[in-house]
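Peer 1: Coordinates in data-v6.txt, compact mmCIF, C-alpha atoms, are listed below.
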# COMPACT_ATOMS: atom_id res chain seq x y z
CA MET A 153 -108.48 -19.83 33.95
CA ALA A 154 -111.82 -19.19 32.27
CA ARG A 155 -114.58 -21.48 33.41
CA SER A 156 -116.21 -23.41 30.60
CA HIS A 157 -119.96 -23.73 30.35
CA ARG A 158 -122.28 -25.97 28.42
CA ARG A 159 -124.94 -23.77 26.81
CA ASN A 160 -128.34 -25.34 26.31
CA LEU A 161 -131.19 -23.61 24.55
CA LEU A 162 -134.37 -24.08 26.59
CA LEU A 163 -136.84 -21.78 24.90
CA GLU A 164 -136.97 -19.58 21.80
CA PHE A 165 -139.88 -17.70 20.31
CA LYS A 166 -140.97 -14.45 18.72
CA VAL A 167 -143.91 -12.49 20.10
CA PRO A 168 -145.57 -9.29 18.85
CA SER A 169 -145.37 -6.20 21.07
CA ASP A 170 -148.99 -6.59 22.18
CA PRO A 171 -149.59 -6.17 25.95
CA LYS A 172 -152.39 -8.72 25.68
CA LEU A 173 -149.75 -11.42 25.15
CA LEU A 174 -147.66 -10.61 28.22
CA SER A 175 -149.59 -13.14 30.29
CA VAL A 176 -148.69 -15.87 27.78
CA VAL A 177 -144.97 -15.11 28.09
CA ARG A 178 -145.23 -14.96 31.90
CA SER A 179 -146.80 -18.42 31.99
CA ALA A 180 -143.99 -19.87 29.87
CA VAL A 181 -141.21 -18.17 31.86
CA GLU A 182 -142.63 -19.12 35.23
CA LYS A 183 -143.04 -22.75 34.19
CA LEU A 184 -139.52 -22.82 32.75
CA ALA A 185 -138.02 -21.40 35.95
CA GLU A 186 -139.88 -24.10 37.86
CA VAL A 187 -138.58 -26.84 35.54
CA VAL A 188 -134.93 -25.78 35.98
CA GLY A 189 -135.43 -26.03 39.72
CA LEU A 190 -135.61 -22.47 40.97
CA PRO A 191 -137.45 -22.08 44.28
CA GLU A 192 -140.99 -20.67 44.13
CA GLY A 193 -140.02 -17.12 45.12
CA GLU A 194 -137.27 -16.98 42.51
CA CYS A 195 -139.64 -18.31 39.83
CA ARG A 196 -141.82 -15.31 40.62
CA SER A 197 -138.95 -12.82 40.56
CA VAL A 198 -137.54 -14.11 37.25
CA THR A 199 -141.04 -13.92 35.75
CA LEU A 200 -141.42 -10.36 37.04
CA ALA A 201 -138.06 -9.33 35.53
CA VAL A 202 -138.83 -10.73 32.07
CA ASP A 203 -142.34 -9.26 32.13
CA GLU A 204 -141.03 -5.81 33.13
CA ALA A 205 -138.37 -5.97 30.42
CA LEU A 206 -141.02 -6.77 27.79
CA THR A 207 -143.19 -3.96 29.15
CA ASN A 208 -140.27 -1.53 28.73
CA ILE A 209 -139.73 -2.70 25.15
CA ILE A 210 -143.42 -2.20 24.32
CA ARG A 211 -143.65 1.21 25.99
CA HIS A 212 -140.29 2.78 25.24
CA ALA A 213 -138.63 0.99 22.30
CA TYR A 214 -141.84 0.49 20.31
CA ARG A 215 -143.87 3.36 21.83
CA ASN A 216 -146.94 1.16 22.32
CA GLN A 217 -147.11 -0.13 18.74
CA ARG A 218 -148.63 -3.57 19.06
CA ASP A 219 -147.35 -5.37 15.99
CA ARG A 220 -143.58 -5.14 16.28
CA PRO A 221 -141.41 -8.23 16.83
CA ILE A 222 -139.75 -9.20 20.10
CA GLU A 223 -137.44 -12.21 20.16
CA VAL A 224 -137.22 -14.10 23.42
CA SER A 225 -134.74 -16.87 24.10
CA CYS A 226 -133.68 -18.62 27.25
CA TRP A 227 -130.51 -20.59 27.84
CA CYS A 228 -129.21 -22.69 30.68
CA LEU A 229 -125.46 -22.38 31.16
CA CYS A 230 -124.14 -25.26 33.22
CA SER A 231 -120.59 -25.33 34.50
CA THR A 232 -118.56 -28.24 33.17
CA ALA A 233 -115.63 -27.51 35.50
CA SER A 234 -117.46 -28.45 38.66
CA ARG A 235 -119.64 -31.27 39.85
CA ARG A 236 -121.79 -28.81 41.74
CA ARG A 237 -125.12 -27.99 40.17
CA ALA A 238 -124.00 -24.42 39.63
CA GLY A 239 -125.02 -22.62 36.51
CA ARG A 240 -127.08 -19.78 35.23
CA LEU A 241 -130.37 -19.13 33.54
CA GLU A 242 -129.99 -16.53 30.84
CA PHE A 243 -132.75 -14.67 28.99
CA LEU A 244 -132.06 -12.67 25.85
CA LEU A 245 -134.68 -10.18 24.63
CA VAL A 246 -134.12 -8.58 21.23
CA ASP A 247 -136.19 -5.82 19.65
CA ARG A 248 -135.86 -3.48 16.66
CA GLY A 249 -137.24 -0.38 18.35
CA ARG A 250 -135.71 2.89 19.47
CA GLY A 251 -132.47 2.79 21.43
CA VAL A 252 -132.52 3.25 25.19
CA GLU A 253 -130.57 5.90 27.08
CA PRO A 254 -128.30 4.19 29.65
CA SER A 255 -129.69 6.55 32.32
CA GLN A 256 -133.15 5.01 31.79
CA LEU A 257 -131.76 1.62 32.79
CA ARG A 258 -130.64 2.76 36.21
CA GLY A 259 -134.13 3.16 37.66
CA ARG A 260 -135.33 6.01 39.83
CA PRO A 261 -134.69 6.52 43.56
CA LEU A 262 -137.36 4.84 45.67
CA SER A 263 -137.55 7.62 48.24
CA GLN A 264 -140.41 9.37 46.43
CA VAL A 265 -143.94 7.96 46.52
CA ARG A 266 -145.06 8.45 42.95
CA PRO A 267 -146.40 6.28 40.15
CA GLY A 268 -144.08 5.01 37.41
CA GLY A 269 -140.40 4.25 36.98
CA LEU A 270 -140.34 1.06 39.02
CA GLY A 271 -139.93 -1.52 36.24
CA THR A 272 -136.17 -1.12 35.87
CA HIS A 273 -135.75 -1.32 39.63
CA PHE A 274 -137.73 -4.59 39.70
CA ILE A 275 -135.53 -6.05 36.95
CA ARG A 276 -132.29 -5.15 38.71
CA ALA A 277 -133.55 -6.37 42.08
CA SER A 278 -134.75 -9.69 40.63
CA MET A 279 -131.80 -10.69 38.46
CA ASP A 280 -128.09 -11.23 39.17
CA GLU A 281 -126.85 -9.68 35.93
CA VAL A 282 -128.48 -7.19 33.57
CA GLU A 283 -126.72 -6.15 30.38
CA TYR A 284 -128.00 -3.90 27.60
CA LYS A 285 -126.41 -3.53 24.17
CA ARG A 286 -127.43 -1.74 21.02
CA SER A 287 -126.07 -3.18 17.80
CA ALA A 288 -127.16 -3.37 14.16
CA GLY A 289 -130.34 -1.40 14.90
CA ARG A 290 -131.42 -3.80 17.63
CA ASN A 291 -131.69 -3.58 21.39
CA ARG A 292 -130.37 -6.65 23.17
CA LEU A 293 -131.15 -7.13 26.83
CA ARG A 294 -129.53 -10.03 28.65
CA LEU A 295 -130.93 -11.05 32.03
CA VAL A 296 -129.12 -13.64 34.12
CA LYS A 297 -130.19 -15.55 37.20
CA TYR A 298 -127.64 -17.70 39.01
CA LEU A 299 -128.70 -21.24 39.76
CA GLY A 300 -127.70 -23.43 42.66
CA LYS A 301 -124.81 -22.43 44.90
CA GLU A 302 -123.12 -20.01 42.54
CA GLY A 303 -124.85 -17.07 44.15
CA SER A 304 -128.58 -17.60 44.02
CA ARG A 305 -130.54 -14.74 45.60
CA MET B 121 -159.02 -9.64 34.68
CA GLN B 122 -162.32 -8.61 36.29
CA ILE B 123 -163.14 -5.64 38.49
CA SER B 124 -166.32 -4.97 40.42
CA THR B 125 -167.28 -2.65 43.25
CA ARG B 126 -169.61 -3.06 46.19
CA GLN B 127 -170.58 -0.98 49.17
CA SER B 128 -170.13 -1.77 52.87
CA GLY B 129 -171.09 1.11 55.17
CA ASN B 130 -168.99 4.10 54.20
CA ALA B 131 -166.49 1.92 52.37
CA THR B 132 -166.41 1.13 48.68
CA ILE B 133 -164.78 -2.24 48.13
CA VAL B 134 -163.06 -2.77 44.79
CA ASP B 135 -162.72 -6.50 44.04
CA VAL B 136 -159.99 -7.26 41.51
CA GLN B 137 -159.56 -10.70 40.01
CA GLY B 138 -156.71 -11.88 37.74
CA ASP B 139 -153.29 -10.55 36.83
CA ILE B 140 -152.62 -6.80 36.78
CA ASP B 141 -150.14 -5.86 34.06
CA LEU B 142 -149.53 -3.32 31.30
CA TYR B 143 -152.56 -4.62 29.40
CA ASN B 144 -155.16 -4.08 32.07
CA SER B 145 -153.71 -1.71 34.69
CA PRO B 146 -155.48 1.29 33.02
CA GLU B 147 -158.77 -0.45 33.86
CA VAL B 148 -157.72 -0.81 37.52
CA ARG B 149 -156.67 2.84 37.64
CA LYS B 150 -160.03 3.91 36.18
CA ALA B 151 -162.03 1.86 38.70
CA LEU B 152 -160.02 3.21 41.64
CA LEU B 153 -160.29 6.84 40.55
CA GLU B 154 -164.03 6.44 39.88
CA ALA B 155 -164.56 5.09 43.39
CA LEU B 156 -162.60 7.96 44.88
CA ARG B 157 -163.66 10.91 42.74
CA GLU B 158 -167.10 10.12 41.32
CA LYS B 159 -168.54 8.01 44.11
CA GLY B 160 -166.81 10.12 46.74
CA ALA B 161 -166.08 7.11 48.93
CA GLN B 162 -164.68 7.96 52.36
CA ARG B 163 -162.79 4.67 52.29
CA VAL B 164 -161.73 2.73 49.23
CA VAL B 165 -160.80 -0.83 50.13
CA VAL B 166 -159.03 -2.81 47.41
CA ASN B 167 -159.47 -6.58 47.53
CA LEU B 168 -156.37 -8.19 45.98
CA LYS B 169 -157.11 -11.72 47.24
CA ALA B 170 -157.66 -13.02 43.71
CA VAL B 171 -154.72 -11.16 42.16
CA ARG B 172 -151.90 -13.60 41.57
CA TYR B 173 -149.58 -11.20 39.76
CA ILE B 174 -149.03 -7.45 39.73
CA ASP B 175 -146.37 -5.55 37.78
CA SER B 176 -144.96 -2.02 38.05
CA SER B 177 -147.85 -0.53 36.06
CA GLY B 178 -150.27 -2.14 38.53
CA VAL B 179 -148.28 -0.74 41.45
CA ALA B 180 -148.37 2.67 39.73
CA SER B 181 -152.20 2.47 39.59
CA LEU B 182 -152.33 1.73 43.32
CA VAL B 183 -149.94 4.62 44.06
CA GLU B 184 -152.12 6.93 42.01
CA GLY B 185 -155.18 5.82 43.97
CA LEU B 186 -153.32 6.49 47.20
CA LYS B 187 -152.25 9.97 46.10
CA VAL B 188 -155.77 10.93 45.01
CA SER B 189 -157.23 9.61 48.28
CA ARG B 190 -154.79 11.82 50.19
CA GLU B 191 -155.81 14.83 48.13
CA LEU B 192 -159.48 14.11 48.86
CA GLY B 193 -158.96 13.32 52.53
CA SER B 194 -160.26 9.77 52.16
CA ARG B 195 -158.61 6.46 53.06
CA PHE B 196 -157.11 3.93 50.66
CA ILE B 197 -156.75 0.41 52.02
CA LEU B 198 -155.42 -2.86 50.54
CA PHE B 199 -156.11 -6.40 51.71
CA GLY B 200 -155.55 -10.01 50.66
CA LEU B 201 -152.08 -9.57 49.13
CA SER B 202 -150.70 -12.67 47.42
CA PRO B 203 -146.97 -13.44 47.90
CA ALA B 204 -146.29 -11.90 44.46
CA ALA B 205 -148.20 -8.69 45.26
CA ARG B 206 -146.50 -8.39 48.65
CA GLU B 207 -143.07 -8.95 47.06
CA VAL B 208 -143.46 -6.14 44.51
CA LEU B 209 -144.70 -3.72 47.18
CA GLU B 210 -141.71 -4.67 49.33
CA LEU B 211 -139.30 -4.33 46.38
CA SER B 212 -140.65 -0.85 45.68
CA ARG B 213 -140.53 -0.03 49.41
CA LEU B 214 -144.20 0.91 49.27
CA ILE B 215 -145.50 -1.75 51.63
CA ARG B 216 -145.33 0.67 54.58
CA VAL B 217 -146.81 3.54 52.62
CA PHE B 218 -150.11 1.72 52.09
CA GLU B 219 -152.55 0.59 54.78
CA VAL B 220 -152.38 -3.19 54.30
CA PHE B 221 -154.56 -5.80 56.03
CA GLU B 222 -154.77 -9.57 55.85
CA ASN B 223 -158.50 -9.87 55.19
CA GLU B 224 -161.71 -7.97 54.56
CA ASN B 225 -162.92 -8.02 58.18
CA GLU B 226 -159.71 -6.44 59.38
CA ALA B 227 -159.72 -3.91 56.53
CA LEU B 228 -163.29 -2.83 57.30
CA GLY B 229 -162.89 -2.96 61.05
CA THR B 230 -160.36 -0.14 61.21
Please rewrite the model in this file as structure tokens.
Peer 2:
Amino acid sequence: MARSHRRNLLLEFKVPSDPKLLSVVRSAVEKLAEVVGLPEGECRSVTLAVDEALTNIIRHAYRNQRDRPIEVSCWCLCSTASRRRAGRLEFLLVDRGRGVEPSQLRGRPLSQVRPGGLGTHFIRASMDEVEYKRSAGRNRLRLVKYLGKEGSR
Amino acid sequence: MQISTRQSGNATIVDVQGDIDLYNSPEVRKALLEALREKGAQRVVVNLKAVRYIDSSGVASLVEGLKVSRELGSRFILFGLSPAAREVLELSRLIRVFEVFENENEALGT
């Protein structure tokens, strides 16, 4: 039987693809993670994942153009089938830039000491689910962090 | 973010303050490479005590500094890592690749 979830919008905004504004988004995400009750270390890892995802959008989808739109939304999905405080924090990042090759989302092996290519690895290591879709000329990246006992890292 | 350099014996200390991300990591890279290549420092010691956040582009700047120091036969040392900085170096499995110390005295005393 499918588990039902209550879906609450926590945050929604649009930000231009300007690296100068990354610190603003980080502040909001870190505070939000704190408010939903994630432990300090997980607040940092969620913030890192969202920041790295935005960095990838700026560098690869928009090729460092600074005035293109990025939509950021964050949802809390709380289970209604259980009294436990299980649930998930879900970020959705949408851009209108170039599509991404699936191979770019796998990250590079960490055995080599060389600069670059670590962002995707940080995202995958920090989040419980990462899903990329391309539809209607938009890239949609969904990042999920489990809350409570459902499988928090 | 602010970056400054100072000298202590044969070491050039690079003090970094603030977050290191896509916006300002090129500045960090430039300061590190200047200390290594133009100033010819035998030891470059990077003070990360006042760095609360570092992303993959910041890590890439540190890796580049390390690689150049190896080419030049100099040393590249980090100290004062915040929990966030330590976590990203651990995630990237680079924590053991760098020489990392708790504080400036330890970093300079080696």
Peer 1: For chain A, work out the contacting residues on chain B at 10 Å, counting all atoms listed in the file, and write them as a PyMOL selection string.
Peer 2: chain B and resi 139-144+173-187+203-204+207-208+211-214+217
Peer 1: Quick one: distance from atom CA of B:Gln127 to atom CA of B:Glu210 in Å, one decimal?
Peer 2: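 According to the coordinates, atom CA of B:Gln127 and atom CA of B:Glu210 are separated by 29.1 Å.
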Peer 1: At what distance in Å, to one decimal, does atom CA of B:Leu201 lie from atom CA of B:Phe218?
Peer 2: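 Computing the Euclidean distance for atom CA of B:Phe218 and atom CA of B:Leu201 yields 11.8 Å.
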Peer 1: Interatomic distance between atom CA of B:Asn167 and atom CA of A:Val198?
Peer 2: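 Distance reported for this atom pair: 25.4 Å.
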Peer 1: Once N, CA and C atoms are restored for stretch 169-201 of chain B, what would the output be as a PDB file, keeping the file's coordinate frame?
Peer 2:
ATOM      1  N   LYS B 169    -157.200 -10.284  46.891  1.00  0.00           N
ATOM      2  CA  LYS B 169    -157.110 -11.720  47.240  1.00  0.00           C
ATOM      3  C   LYS B 169    -156.998 -12.604  45.994  1.00  0.00           C
ATOM      4  N   ALA B 170    -157.663 -12.205  44.920  1.00  0.00           N
ATOM      5  CA  ALA B 170    -157.660 -13.020  43.710  1.00  0.00           C
ATOM      6  C   ALA B 170    -156.702 -12.481  42.641  1.00  0.00           C
ATOM      7  N   VAL B 171    -155.734 -11.676  43.091  1.00  0.00           N
ATOM      8  CA  VAL B 171    -154.720 -11.160  42.160  1.00  0.00           C
ATOM      9  C   VAL B 171    -153.435 -11.944  42.386  1.00  0.00           C
ATOM     10  N   ARG B 172    -153.071 -12.738  41.410  1.00  0.00           N
ATOM     11  CA  ARG B 172    -151.900 -13.600  41.570  1.00  0.00           C
ATOM     12  C   ARG B 172    -150.613 -12.880  41.166  1.00  0.00           C
ATOM     13  N   TYR B 173    -150.761 -11.876  40.294  1.00  0.00           N
ATOM     14  CA  TYR B 173    -149.580 -11.200  39.760  1.00  0.00           C
ATOM     15  C   TYR B 173    -149.861  -9.707  39.593  1.00  0.00           C
ATOM     16  N   ILE B 174    -148.897  -8.891  39.958  1.00  0.00           N
ATOM     17  CA  ILE B 174    -149.030  -7.450  39.730  1.00  0.00           C
ATOM     18  C   ILE B 174    -147.665  -6.897  39.319  1.00  0.00           C
ATOM     19  N   ASP B 175    -147.644  -6.093  38.261  1.00  0.00           N
ATOM     20  CA  ASP B 175    -146.370  -5.550  37.780  1.00  0.00           C
ATOM     21  C   ASP B 175    -146.231  -4.081  38.175  1.00  0.00           C
ATOM     22  N   SER B 176    -145.210  -3.416  37.646  1.00  0.00           N
ATOM     23  CA  SER B 176    -144.960  -2.020  38.050  1.00  0.00           C
ATOM     24  C   SER B 176    -146.083  -1.091  37.606  1.00  0.00           C
ATOM     25  N   SER B 177    -146.742  -1.402  36.488  1.00  0.00           N
ATOM     26  CA  SER B 177    -147.850  -0.530  36.060  1.00  0.00           C
ATOM     27  C   SER B 177    -149.050  -0.700  36.999  1.00  0.00           C
ATOM     28  N   GLY B 178    -149.218  -1.909  37.534  1.00  0.00           N
ATOM     29  CA  GLY B 178    -150.270  -2.140  38.530  1.00  0.00           C
ATOM     30  C   GLY B 178    -149.968  -1.412  39.822  1.00  0.00           C
ATOM     31  N   VAL B 179    -148.697  -1.462  40.237  1.00  0.00           N
ATOM     32  CA  VAL B 179    -148.280  -0.740  41.450  1.00  0.00           C
ATOM     33  C   VAL B 179    -148.503   0.761  41.240  1.00  0.00           C
ATOM     34  N   ALA B 180    -148.183   1.245  40.025  1.00  0.00           N
ATOM     35  CA  ALA B 180    -148.370   2.670  39.730  1.00  0.00           C
ATOM     36  C   ALA B 180    -149.847   3.061  39.859  1.00  0.00           C
ATOM     37  N   SER B 181    -150.756   2.184  39.452  1.00  0.00           N
ATOM     38  CA  SER B 181    -152.200   2.470  39.590  1.00  0.00           C
ATOM     39  C   SER B 181    -152.591   2.571  41.058  1.00  0.00           C
ATOM     40  N   LEU B 182    -152.035   1.679  41.878  1.00  0.00           N
ATOM     41  CA  LEU B 182    -152.330   1.730  43.320  1.00  0.00           C
ATOM     42  C   LEU B 182    -151.766   3.012  43.937  1.00  0.00           C
ATOM     43  N   VAL B 183    -150.557   3.387  43.519  1.00  0.00           N
ATOM     44  CA  VAL B 183    -149.940   4.620  44.060  1.00  0.00           C
ATOM     45  C   VAL B 183    -150.781   5.837  43.666  1.00  0.00           C
ATOM     46  N   GLU B 184    -151.294   5.809  42.445  1.00  0.00           N
ATOM     47  CA  GLU B 184    -152.120   6.930  42.010  1.00  0.00           C
ATOM     48  C   GLU B 184    -153.402   7.011  42.846  1.00  0.00           C
ATOM     49  N   GLY B 185    -153.995   5.854  43.104  1.00  0.00           N
ATOM     50  CA  GLY B 185    -155.180   5.820  43.970  1.00  0.00           C
ATOM     51  C   GLY B 185    -154.868   6.382  45.349  1.00  0.00           C
ATOM     52  N   LEU B 186    -153.723   6.000  45.883  1.00  0.00           N
ATOM     53  CA  LEU B 186    -153.320   6.490  47.200  1.00  0.00           C
ATOM     54  C   LEU B 186    -153.151   8.013  47.201  1.00  0.00           C
ATOM     55  N   LYS B 187    -152.509   8.523  46.163  1.00  0.00           N
ATOM     56  CA  LYS B 187    -152.250   9.970  46.100  1.00  0.00           C
ATOM     57  C   LYS B 187    -153.566  10.745  45.989  1.00  0.00           C
ATOM     58  N   VAL B 188    -154.479  10.253  45.163  1.00  0.00           N
ATOM     59  CA  VAL B 188    -155.770  10.930  45.010  1.00  0.00           C
ATOM     60  C   VAL B 188    -156.556  10.868  46.318  1.00  0.00           C
ATOM     61  N   SER B 189    -156.502   9.725  47.006  1.00  0.00           N
ATOM     62  CA  SER B 189    -157.230   9.610  48.280  1.00  0.00           C
ATOM     63  C   SER B 189    -156.679  10.623  49.299  1.00  0.00           C
ATOM     64  N   ARG B 190    -155.379  10.837  49.274  1.00  0.00           N
ATOM     65  CA  ARG B 190    -154.790  11.820  50.190  1.00  0.00           C
ATOM     66  C   ARG B 190    -155.257  13.230  49.851  1.00  0.00           C
ATOM     67  N   GLU B 191    -155.336  13.509  48.563  1.00  0.00           N
ATOM     68  CA  GLU B 191    -155.810  14.830  48.130  1.00  0.00           C
ATOM     69  C   GLU B 191    -157.257  15.068  48.585  1.00  0.00           C
ATOM     70  N   LEU B 192    -158.052  13.988  48.551  1.00  0.00           N
ATOM     71  CA  LEU B 192    -159.480  14.110  48.860  1.00  0.00           C
ATOM     72  C   LEU B 192    -159.778  13.921  50.354  1.00  0.00           C
ATOM     73  N   GLY B 193    -158.762  13.550  51.102  1.00  0.00           N
ATOM     74  CA  GLY B 193    -158.960  13.320  52.530  1.00  0.00           C
ATOM     75  C   GLY B 193    -159.689  12.022  52.831  1.00  0.00           C
ATOM     76  N   SER B 194    -159.644  11.075  51.913  1.00  0.00           N
ATOM     77  CA  SER B 194    -160.260   9.770  52.160  1.00  0.00           C
ATOM     78  C   SER B 194    -159.167   8.731  52.440  1.00  0.00           C
ATOM     79  N   ARG B 195    -159.604   7.504  52.752  1.00  0.00           N
ATOM     80  CA  ARG B 195    -158.610   6.460  53.060  1.00  0.00           C
ATOM     81  C   ARG B 195    -158.535   5.459  51.913  1.00  0.00           C
ATOM     82  N   PHE B 196    -157.353   4.880  51.743  1.00  0.00           N
ATOM     83  CA  PHE B 196    -157.110   3.930  50.660  1.00  0.00           C
ATOM     84  C   PHE B 196    -156.444   2.705  51.279  1.00  0.00           C
ATOM     85  N   ILE B 197    -157.166   1.586  51.252  1.00  0.00           N
ATOM     86  CA  ILE B 197    -156.750   0.410  52.020  1.00  0.00           C
ATOM     87  C   ILE B 197    -156.620  -0.805  51.088  1.00  0.00           C
ATOM     88  N   LEU B 198    -155.600  -1.619  51.318  1.00  0.00           N
ATOM     89  CA  LEU B 198    -155.420  -2.860  50.540  1.00  0.00           C
ATOM     90  C   LEU B 198    -155.581  -4.059  51.457  1.00  0.00           C
ATOM     91  N   PHE B 199    -156.153  -5.153  50.938  1.00  0.00           N
ATOM     92  CA  PHE B 199    -156.110  -6.400  51.710  1.00  0.00           C
ATOM     93  C   PHE B 199    -156.005  -7.610  50.795  1.00  0.00           C
ATOM     94  N   GLY B 200    -155.603  -8.742  51.395  1.00  0.00           N
ATOM     95  CA  GLY B 200    -155.550 -10.010  50.660  1.00  0.00           C
ATOM     96  C   GLY B 200    -154.369 -10.111  49.700  1.00  0.00           C
ATOM     97  N   LEU B 201    -153.233  -9.549  50.049  1.00  0.00           N
ATOM     98  CA  LEU B 201    -152.080  -9.570  49.130  1.00  0.00           C
ATOM     99  C   LEU B 201    -151.525 -10.984  48.960  1.00  0.00           C
TER     100      LEU B 201
END
